[in-house]
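One file, final.txt, is given below (compact mmCIF, N, CA and C atoms and all ligand atoms).
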```
# COMPACT_ATOMS: atom_id res chain seq x y z
N MET U 1224 18.66 5.51 -33.76
CA MET U 1224 17.76 5.77 -34.89
C MET U 1224 18.30 5.07 -36.13
N ALA U 1225 17.46 4.23 -36.68
CA ALA U 1225 17.90 3.42 -37.81
C ALA U 1225 18.06 4.27 -39.06
N SER U 1226 19.06 3.95 -39.83
CA SER U 1226 19.23 4.65 -41.10
C SER U 1226 18.20 4.13 -42.09
N ARG U 1227 18.09 4.83 -43.19
CA ARG U 1227 17.12 4.40 -44.20
C ARG U 1227 17.48 3.02 -44.75
N ILE U 1228 18.78 2.78 -44.89
CA ILE U 1228 19.21 1.46 -45.37
C ILE U 1228 18.74 0.37 -44.41
N GLU U 1229 18.92 0.65 -43.14
CA GLU U 1229 18.50 -0.34 -42.14
C GLU U 1229 16.99 -0.55 -42.17
N ARG U 1230 16.27 0.55 -42.38
CA ARG U 1230 14.81 0.40 -42.46
C ARG U 1230 14.42 -0.38 -43.69
N LEU U 1231 15.15 -0.17 -44.77
CA LEU U 1231 14.86 -0.94 -45.99
C LEU U 1231 15.10 -2.43 -45.75
N LYS U 1232 16.20 -2.72 -45.06
CA LYS U 1232 16.52 -4.12 -44.78
C LYS U 1232 15.48 -4.76 -43.88
N ALA U 1233 14.95 -3.95 -42.96
CA ALA U 1233 14.01 -4.50 -41.99
C ALA U 1233 12.57 -4.51 -42.50
N ALA U 1234 12.36 -3.93 -43.68
CA ALA U 1234 10.99 -3.79 -44.16
C ALA U 1234 10.37 -5.15 -44.45
N THR U 1235 9.08 -5.22 -44.19
CA THR U 1235 8.36 -6.48 -44.42
C THR U 1235 7.26 -6.33 -45.46
N HIS U 1236 6.94 -5.10 -45.79
CA HIS U 1236 5.84 -4.87 -46.72
C HIS U 1236 6.22 -3.84 -47.78
N VAL U 1237 5.50 -3.89 -48.86
CA VAL U 1237 5.63 -2.85 -49.88
C VAL U 1237 4.24 -2.29 -50.17
N TYR U 1238 4.24 -1.06 -50.59
CA TYR U 1238 3.00 -0.47 -51.10
C TYR U 1238 3.01 -0.58 -52.61
N VAL U 1239 1.91 -1.06 -53.13
CA VAL U 1239 1.79 -1.21 -54.57
C VAL U 1239 0.69 -0.27 -55.06
N GLY U 1240 1.00 0.49 -56.08
CA GLY U 1240 0.00 1.37 -56.68
C GLY U 1240 -0.58 0.70 -57.91
N ARG U 1241 -1.90 0.60 -57.90
CA ARG U 1241 -2.56 -0.04 -59.04
C ARG U 1241 -3.37 0.98 -59.81
N CYS U 1242 -3.21 0.91 -61.09
CA CYS U 1242 -4.01 1.74 -61.97
C CYS U 1242 -5.45 1.24 -61.96
N ARG U 1243 -6.34 2.04 -62.53
CA ARG U 1243 -7.76 1.63 -62.59
C ARG U 1243 -7.95 0.38 -63.43
N CYS U 1244 -7.00 0.07 -64.30
CA CYS U 1244 -7.13 -1.13 -65.12
C CYS U 1244 -6.64 -2.36 -64.37
N GLY U 1245 -6.12 -2.17 -63.16
CA GLY U 1245 -5.69 -3.31 -62.36
C GLY U 1245 -4.21 -3.59 -62.43
N SER U 1246 -3.49 -2.94 -63.35
CA SER U 1246 -2.06 -3.16 -63.45
C SER U 1246 -1.35 -2.58 -62.24
N ALA U 1247 -0.41 -3.35 -61.70
CA ALA U 1247 0.45 -2.82 -60.65
C ALA U 1247 1.53 -2.01 -61.33
N VAL U 1248 1.44 -0.71 -61.23
CA VAL U 1248 2.33 0.14 -62.01
C VAL U 1248 3.39 0.84 -61.18
N ALA U 1249 3.26 0.77 -59.85
CA ALA U 1249 4.22 1.48 -59.01
C ALA U 1249 4.33 0.73 -57.69
N ALA U 1250 5.49 0.85 -57.06
CA ALA U 1250 5.66 0.22 -55.76
C ALA U 1250 6.71 0.96 -54.97
N CYS U 1251 6.57 0.93 -53.67
CA CYS U 1251 7.63 1.45 -52.82
C CYS U 1251 7.68 0.59 -51.56
N VAL U 1252 8.87 0.44 -51.06
CA VAL U 1252 9.06 -0.34 -49.85
C VAL U 1252 8.53 0.45 -48.66
N ASP U 1253 7.80 -0.23 -47.80
CA ASP U 1253 7.25 0.42 -46.62
C ASP U 1253 8.32 0.50 -45.55
N THR U 1254 8.98 1.65 -45.50
CA THR U 1254 10.01 1.86 -44.48
C THR U 1254 9.47 2.67 -43.30
N GLN U 1255 8.18 2.90 -43.32
CA GLN U 1255 7.50 3.58 -42.22
C GLN U 1255 8.16 4.90 -41.87
N ASP U 1256 8.46 5.65 -42.90
CA ASP U 1256 9.04 6.96 -42.67
C ASP U 1256 8.45 7.96 -43.68
N ASN U 1257 9.02 9.14 -43.70
CA ASN U 1257 8.47 10.17 -44.58
C ASN U 1257 8.60 9.81 -46.05
N GLU U 1258 9.66 9.10 -46.39
CA GLU U 1258 9.84 8.71 -47.78
C GLU U 1258 8.67 7.86 -48.24
N THR U 1259 8.30 6.92 -47.40
CA THR U 1259 7.17 6.06 -47.74
C THR U 1259 5.89 6.88 -47.87
N ALA U 1260 5.69 7.76 -46.91
CA ALA U 1260 4.48 8.59 -46.94
C ALA U 1260 4.42 9.42 -48.21
N LYS U 1261 5.58 9.93 -48.61
CA LYS U 1261 5.63 10.75 -49.81
C LYS U 1261 5.30 9.92 -51.05
N ASP U 1262 5.92 8.74 -51.12
CA ASP U 1262 5.67 7.87 -52.27
C ASP U 1262 4.20 7.49 -52.36
N VAL U 1263 3.66 7.09 -51.22
CA VAL U 1263 2.29 6.60 -51.23
C VAL U 1263 1.33 7.73 -51.57
N SER U 1264 1.57 8.91 -51.02
CA SER U 1264 0.67 10.00 -51.36
C SER U 1264 0.81 10.37 -52.83
N GLY U 1265 1.99 10.16 -53.38
CA GLY U 1265 2.17 10.37 -54.81
C GLY U 1265 1.33 9.38 -55.62
N PHE U 1266 1.30 8.15 -55.19
CA PHE U 1266 0.46 7.14 -55.88
C PHE U 1266 -0.99 7.59 -55.86
N VAL U 1267 -1.42 8.03 -54.68
CA VAL U 1267 -2.82 8.42 -54.53
C VAL U 1267 -3.14 9.61 -55.43
N ARG U 1268 -2.19 10.57 -55.46
CA ARG U 1268 -2.42 11.74 -56.30
C ARG U 1268 -2.58 11.36 -57.76
N GLN U 1269 -1.86 10.31 -58.16
CA GLN U 1269 -1.94 9.90 -59.55
C GLN U 1269 -3.16 9.01 -59.80
N GLY U 1270 -3.95 8.83 -58.77
CA GLY U 1270 -5.20 8.10 -58.95
C GLY U 1270 -5.07 6.60 -58.82
N TYR U 1271 -3.94 6.14 -58.27
CA TYR U 1271 -3.77 4.71 -58.10
C TYR U 1271 -4.45 4.24 -56.82
N ALA U 1272 -4.96 3.03 -56.87
CA ALA U 1272 -5.37 2.37 -55.65
C ALA U 1272 -4.12 1.80 -55.00
N VAL U 1273 -4.01 1.93 -53.69
CA VAL U 1273 -2.78 1.51 -53.02
C VAL U 1273 -3.05 0.28 -52.17
N ASP U 1274 -2.26 -0.75 -52.40
CA ASP U 1274 -2.31 -1.98 -51.61
C ASP U 1274 -1.03 -2.08 -50.80
N ARG U 1275 -1.14 -2.63 -49.60
CA ARG U 1275 0.06 -2.93 -48.82
C ARG U 1275 0.20 -4.44 -48.81
N VAL U 1276 1.28 -4.92 -49.35
CA VAL U 1276 1.44 -6.37 -49.51
C VAL U 1276 2.78 -6.81 -48.93
N PRO U 1277 2.87 -8.08 -48.54
CA PRO U 1277 4.15 -8.59 -48.03
C PRO U 1277 5.23 -8.48 -49.10
N ILE U 1278 6.40 -8.12 -48.66
CA ILE U 1278 7.51 -7.93 -49.59
C ILE U 1278 7.81 -9.24 -50.33
N ALA U 1279 7.51 -10.35 -49.69
CA ALA U 1279 7.78 -11.65 -50.32
C ALA U 1279 6.96 -11.83 -51.58
N ASP U 1280 5.78 -11.23 -51.61
CA ASP U 1280 4.95 -11.35 -52.81
C ASP U 1280 5.66 -10.77 -54.02
N MET U 1281 6.48 -9.77 -53.75
CA MET U 1281 7.23 -9.17 -54.83
C MET U 1281 8.44 -10.01 -55.19
N HIS U 1282 9.16 -10.40 -54.14
CA HIS U 1282 10.37 -11.17 -54.39
C HIS U 1282 10.08 -12.47 -55.07
N GLU U 1283 8.93 -13.04 -54.76
CA GLU U 1283 8.60 -14.36 -55.32
C GLU U 1283 7.73 -14.25 -56.56
N GLY U 1284 7.52 -13.05 -57.01
CA GLY U 1284 6.88 -12.88 -58.32
C GLY U 1284 5.37 -12.97 -58.31
N ARG U 1285 4.76 -13.00 -57.10
CA ARG U 1285 3.30 -13.05 -57.10
C ARG U 1285 2.71 -11.71 -57.52
N ILE U 1286 3.49 -10.67 -57.30
CA ILE U 1286 3.10 -9.36 -57.79
C ILE U 1286 4.22 -8.83 -58.66
N ARG U 1287 3.86 -8.43 -59.85
CA ARG U 1287 4.86 -7.88 -60.76
C ARG U 1287 4.41 -6.51 -61.21
N LEU U 1288 5.37 -5.62 -61.25
CA LEU U 1288 5.06 -4.33 -61.85
C LEU U 1288 4.96 -4.53 -63.35
N GLU U 1289 4.03 -3.83 -63.93
CA GLU U 1289 3.82 -4.01 -65.36
C GLU U 1289 3.45 -2.69 -65.99
N GLN U 1290 3.53 -2.67 -67.26
CA GLN U 1290 3.10 -1.51 -68.01
C GLN U 1290 1.58 -1.46 -67.94
N CYS U 1291 1.07 -0.30 -67.61
CA CYS U 1291 -0.36 -0.11 -67.54
C CYS U 1291 -1.02 -0.50 -68.87
N ARG U 1292 -2.17 -1.15 -68.75
CA ARG U 1292 -2.84 -1.62 -69.96
C ARG U 1292 -3.78 -0.58 -70.55
N CYS U 1293 -4.24 0.34 -69.73
CA CYS U 1293 -5.23 1.28 -70.24
C CYS U 1293 -4.61 2.59 -70.71
N GLY U 1294 -3.34 2.78 -70.45
CA GLY U 1294 -2.71 4.02 -70.88
C GLY U 1294 -3.00 5.19 -69.96
N GLY U 1295 -3.71 4.92 -68.86
CA GLY U 1295 -4.10 6.00 -67.98
C GLY U 1295 -3.02 6.41 -67.00
N ALA U 1296 -2.01 5.57 -66.85
CA ALA U 1296 -0.98 5.87 -65.88
C ALA U 1296 0.10 6.74 -66.50
N PRO U 1297 0.50 7.76 -65.79
CA PRO U 1297 1.51 8.66 -66.33
C PRO U 1297 2.91 8.10 -66.13
N THR U 1298 3.19 7.01 -66.80
CA THR U 1298 4.49 6.38 -66.59
C THR U 1298 5.57 6.96 -67.50
N LYS U 1299 5.17 7.84 -68.40
CA LYS U 1299 6.14 8.55 -69.24
C LYS U 1299 7.04 7.62 -70.03
N GLN U 1300 6.47 6.52 -70.44
CA GLN U 1300 7.29 5.63 -71.26
C GLN U 1300 6.60 5.45 -72.60
N GLY U 1301 6.38 6.57 -73.22
CA GLY U 1301 5.63 6.58 -74.47
C GLY U 1301 6.22 5.66 -75.52
N ASP U 1302 7.52 5.46 -75.47
CA ASP U 1302 8.13 4.61 -76.48
C ASP U 1302 7.57 3.20 -76.47
N LEU U 1303 7.20 2.77 -75.28
CA LEU U 1303 6.68 1.41 -75.19
C LEU U 1303 5.31 1.31 -75.84
N PHE U 1304 4.61 2.43 -75.87
CA PHE U 1304 3.28 2.42 -76.47
C PHE U 1304 3.33 2.65 -77.98
N ALA U 1305 4.37 3.36 -78.38
CA ALA U 1305 4.45 3.69 -79.80
C ALA U 1305 4.55 2.41 -80.62
N ALA U 1306 3.81 2.38 -81.67
CA ALA U 1306 3.87 1.21 -82.54
C ALA U 1306 5.26 1.09 -83.13
N HIS U 1307 5.75 -0.10 -83.12
CA HIS U 1307 7.04 -0.29 -83.76
C HIS U 1307 6.84 -0.19 -85.27
N PRO U 1308 7.66 0.59 -85.88
CA PRO U 1308 7.54 0.65 -87.34
C PRO U 1308 7.83 -0.72 -87.92
N SER U 1309 6.94 -1.18 -88.71
CA SER U 1309 7.18 -2.51 -89.28
C SER U 1309 8.37 -2.39 -90.21
N ASP U 1310 9.32 -3.21 -89.92
CA ASP U 1310 10.64 -2.99 -90.51
C ASP U 1310 10.80 -3.75 -91.83
N ARG U 1311 9.79 -3.62 -92.64
CA ARG U 1311 9.88 -4.29 -93.94
C ARG U 1311 10.71 -3.43 -94.88
N SER U 1312 11.88 -3.85 -95.15
CA SER U 1312 12.60 -3.12 -96.18
C SER U 1312 12.26 -3.81 -97.49
N GLU U 1313 11.48 -3.13 -98.25
CA GLU U 1313 11.03 -3.78 -99.49
C GLU U 1313 12.13 -3.71 -100.52
N SER U 1314 12.73 -4.81 -100.68
CA SER U 1314 13.79 -4.84 -101.69
C SER U 1314 13.12 -4.79 -103.06
N ASP U 1315 13.58 -3.91 -103.85
CA ASP U 1315 12.97 -3.83 -105.16
C ASP U 1315 13.79 -4.62 -106.18
N GLY U 1316 14.44 -5.60 -105.66
CA GLY U 1316 15.13 -6.59 -106.50
C GLY U 1316 16.04 -5.99 -107.54
N ALA U 1317 17.31 -5.85 -107.26
CA ALA U 1317 18.30 -5.36 -108.19
C ALA U 1317 17.89 -4.02 -108.78
ZN ZN D 1401 -4.17 1.50 -66.50
```

What is this structure when it is put down as structure tokens?
Ligand SMILES: [Zn+2]
Amino acid sequence: MASRIERLKAATHVYVGRCRCGSAVAACVDTQDNETAKDVSGFVRQGYAVDRVPIADMHEGRIRLEQCRCGGAPTKQGDLFAAHPSDRSESDGA
């Protein structure tokens, strides 16, 4: 029985979760075990469309995970959405 590491090494595909805006916001390696099933069902629960793609597409950059564009994905990275305070320190000259 292969260990999870071995299954990861032998994996040929990944599951990609896409938000409704089309952003690939989540991915998990298809190790054909319970971990994969759990991850994928988590994507579905969050309302993502799930694609199964060759792992090479990821390694070679044809698919990139990105920050969701519509804000609908619960990625919990609010800081990235928060507007950066414009850092104008208004010098009032002497
Ligand atoms: Zn989105």

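Closest approach to Val1263 in chain U among U:Val1276, U:Ala1234, U:Gly1284, U:Val1239: U:Val1239, based on only N, CA and C atoms.
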
Correct to one decimal, the distance CA of Asp1280 in chain U-CA of Cys1251 in chain U is 13.1 Å

Expected answer as a PyMOL selection string: residues within 6.5 Å of ligand ZN 1401 (chain D), all atoms listed in the file
chain U and resi 1242-1246+1291-1296

Could the residues in this selection be written to a file with N, CA and C atoms, as a tab-separated table (two decimals), keeping the file's coordinate frame?
```tsv
chain	number	residue	atom	x	y	z
U	1242	CYS	N	-3.21	0.91	-61.09
U	1242	CYS	CA	-4.01	1.74	-61.97
U	1242	CYS	C	-5.45	1.24	-61.96
U	1243	ARG	N	-6.34	2.04	-62.53
U	1243	ARG	CA	-7.76	1.63	-62.59
U	1243	ARG	C	-7.95	0.38	-63.43
U	1244	CYS	N	-7.00	0.07	-64.30
U	1244	CYS	CA	-7.13	-1.13	-65.12
U	1244	CYS	C	-6.64	-2.36	-64.37
U	1245	GLY	N	-6.12	-2.17	-63.16
U	1245	GLY	CA	-5.69	-3.31	-62.36
U	1245	GLY	C	-4.21	-3.59	-62.43
U	1246	SER	N	-3.49	-2.94	-63.35
U	1246	SER	CA	-2.06	-3.16	-63.45
U	1246	SER	C	-1.35	-2.58	-62.24
U	1291	CYS	N	1.07	-0.30	-67.61
U	1291	CYS	CA	-0.36	-0.11	-67.54
U	1291	CYS	C	-1.02	-0.50	-68.87
U	1292	ARG	N	-2.17	-1.15	-68.75
U	1292	ARG	CA	-2.84	-1.62	-69.96
U	1292	ARG	C	-3.78	-0.58	-70.55
U	1293	CYS	N	-4.24	0.34	-69.73
U	1293	CYS	CA	-5.23	1.28	-70.24
U	1293	CYS	C	-4.61	2.59	-70.71
U	1294	GLY	N	-3.34	2.78	-70.45
U	1294	GLY	CA	-2.71	4.02	-70.88
U	1294	GLY	C	-3.00	5.19	-69.96
U	1295	GLY	N	-3.71	4.92	-68.86
U	1295	GLY	CA	-4.10	6.00	-67.98
U	1295	GLY	C	-3.02	6.41	-67.00
U	1296	ALA	N	-2.01	5.57	-66.85
U	1296	ALA	CA	-0.98	5.87	-65.88
U	1296	ALA	C	0.10	6.74	-66.50
```

Could you tell me how far atom C of Asp1262 in chain U lies from atom N of Ala1225 in chain U, in Å and to one decimal?
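We find that atom C of Asp1262 in chain U and atom N of Ala1225 in chain U lie 20.8 Å from each other.
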
For CA of Asp1274 in chain U and atom C of Ser1226 in chain U, the interatomic separation in Å (one decimal)
23.4 Å

Nearest-residue call for Ala1272 in chain U, choices U:Ala1249, U:Ala1260, U:Gln1255, U:Gly1240, using only C-alpha atoms
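When distances to Ala1272 in chain U are compared using only C-alpha atoms, the smallest one comes from U:Gly1240.
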
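A search radius of 10 Å centred on (7.0, 3.4, -46.7), applied to only C-alpha atoms, returns the residues Arg1230, Leu1231, Ala1234, His1236, Val1237, Tyr1238, Ala1250, Cys1251, Val1252, Asp1253, Thr1254, Gln1255, Asp1256, Asn1257, Glu1258, Thr1259, Ala1260, Lys1261, Asp1262, Val1263 and Arg1275 of chain U.
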
With N, CA and C atoms retained, export the selected residues as an mmCIF file, keeping the file's coordinate frame.
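The result, written out as out.cif:
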```
data_model
loop_
_atom_site.group_PDB
_atom_site.id
_atom_site.type_symbol
_atom_site.label_atom_id
_atom_site.label_comp_id
_atom_site.auth_asym_id
_atom_site.auth_seq_id
_atom_site.Cartn_x
_atom_site.Cartn_y
_atom_site.Cartn_z
ATOM 1 N N ARG U 1230 16.270 0.550 -42.380
ATOM 2 C CA ARG U 1230 14.810 0.400 -42.460
ATOM 3 C C ARG U 1230 14.420 -0.380 -43.690
ATOM 4 N N LEU U 1231 15.150 -0.170 -44.770
ATOM 5 C CA LEU U 1231 14.860 -0.940 -45.990
ATOM 6 C C LEU U 1231 15.100 -2.430 -45.750
ATOM 7 N N ALA U 1234 12.360 -3.930 -43.680
ATOM 8 C CA ALA U 1234 10.990 -3.790 -44.160
ATOM 9 C C ALA U 1234 10.370 -5.150 -44.450
ATOM 10 N N HIS U 1236 6.940 -5.100 -45.790
ATOM 11 C CA HIS U 1236 5.840 -4.870 -46.720
ATOM 12 C C HIS U 1236 6.220 -3.840 -47.780
ATOM 13 N N VAL U 1237 5.500 -3.890 -48.860
ATOM 14 C CA VAL U 1237 5.630 -2.850 -49.880
ATOM 15 C C VAL U 1237 4.240 -2.290 -50.170
ATOM 16 N N TYR U 1238 4.240 -1.060 -50.590
ATOM 17 C CA TYR U 1238 3.000 -0.470 -51.100
ATOM 18 C C TYR U 1238 3.010 -0.580 -52.610
ATOM 19 N N ALA U 1250 5.490 0.850 -57.060
ATOM 20 C CA ALA U 1250 5.660 0.220 -55.760
ATOM 21 C C ALA U 1250 6.710 0.960 -54.970
ATOM 22 N N CYS U 1251 6.570 0.930 -53.670
ATOM 23 C CA CYS U 1251 7.630 1.450 -52.820
ATOM 24 C C CYS U 1251 7.680 0.590 -51.560
ATOM 25 N N VAL U 1252 8.870 0.440 -51.060
ATOM 26 C CA VAL U 1252 9.060 -0.340 -49.850
ATOM 27 C C VAL U 1252 8.530 0.450 -48.660
ATOM 28 N N ASP U 1253 7.800 -0.230 -47.800
ATOM 29 C CA ASP U 1253 7.250 0.420 -46.620
ATOM 30 C C ASP U 1253 8.320 0.500 -45.550
ATOM 31 N N THR U 1254 8.980 1.650 -45.500
ATOM 32 C CA THR U 1254 10.010 1.860 -44.480
ATOM 33 C C THR U 1254 9.470 2.670 -43.300
ATOM 34 N N GLN U 1255 8.180 2.900 -43.320
ATOM 35 C CA GLN U 1255 7.500 3.580 -42.220
ATOM 36 C C GLN U 1255 8.160 4.900 -41.870
ATOM 37 N N ASP U 1256 8.460 5.650 -42.900
ATOM 38 C CA ASP U 1256 9.040 6.960 -42.670
ATOM 39 C C ASP U 1256 8.450 7.960 -43.680
ATOM 40 N N ASN U 1257 9.020 9.140 -43.700
ATOM 41 C CA ASN U 1257 8.470 10.170 -44.580
ATOM 42 C C ASN U 1257 8.600 9.810 -46.050
ATOM 43 N N GLU U 1258 9.660 9.100 -46.390
ATOM 44 C CA GLU U 1258 9.840 8.710 -47.780
ATOM 45 C C GLU U 1258 8.670 7.860 -48.240
ATOM 46 N N THR U 1259 8.300 6.920 -47.400
ATOM 47 C CA THR U 1259 7.170 6.060 -47.740
ATOM 48 C C THR U 1259 5.890 6.880 -47.870
ATOM 49 N N ALA U 1260 5.690 7.760 -46.910
ATOM 50 C CA ALA U 1260 4.480 8.590 -46.940
ATOM 51 C C ALA U 1260 4.420 9.420 -48.210
ATOM 52 N N LYS U 1261 5.580 9.930 -48.610
ATOM 53 C CA LYS U 1261 5.630 10.750 -49.810
ATOM 54 C C LYS U 1261 5.300 9.920 -51.050
ATOM 55 N N ASP U 1262 5.920 8.740 -51.120
ATOM 56 C CA ASP U 1262 5.670 7.870 -52.270
ATOM 57 C C ASP U 1262 4.200 7.490 -52.360
ATOM 58 N N VAL U 1263 3.660 7.090 -51.220
ATOM 59 C CA VAL U 1263 2.290 6.600 -51.230
ATOM 60 C C VAL U 1263 1.330 7.730 -51.570
ATOM 61 N N ARG U 1275 -1.140 -2.630 -49.600
ATOM 62 C CA ARG U 1275 0.060 -2.930 -48.820
ATOM 63 C C ARG U 1275 0.200 -4.440 -48.810
#
```
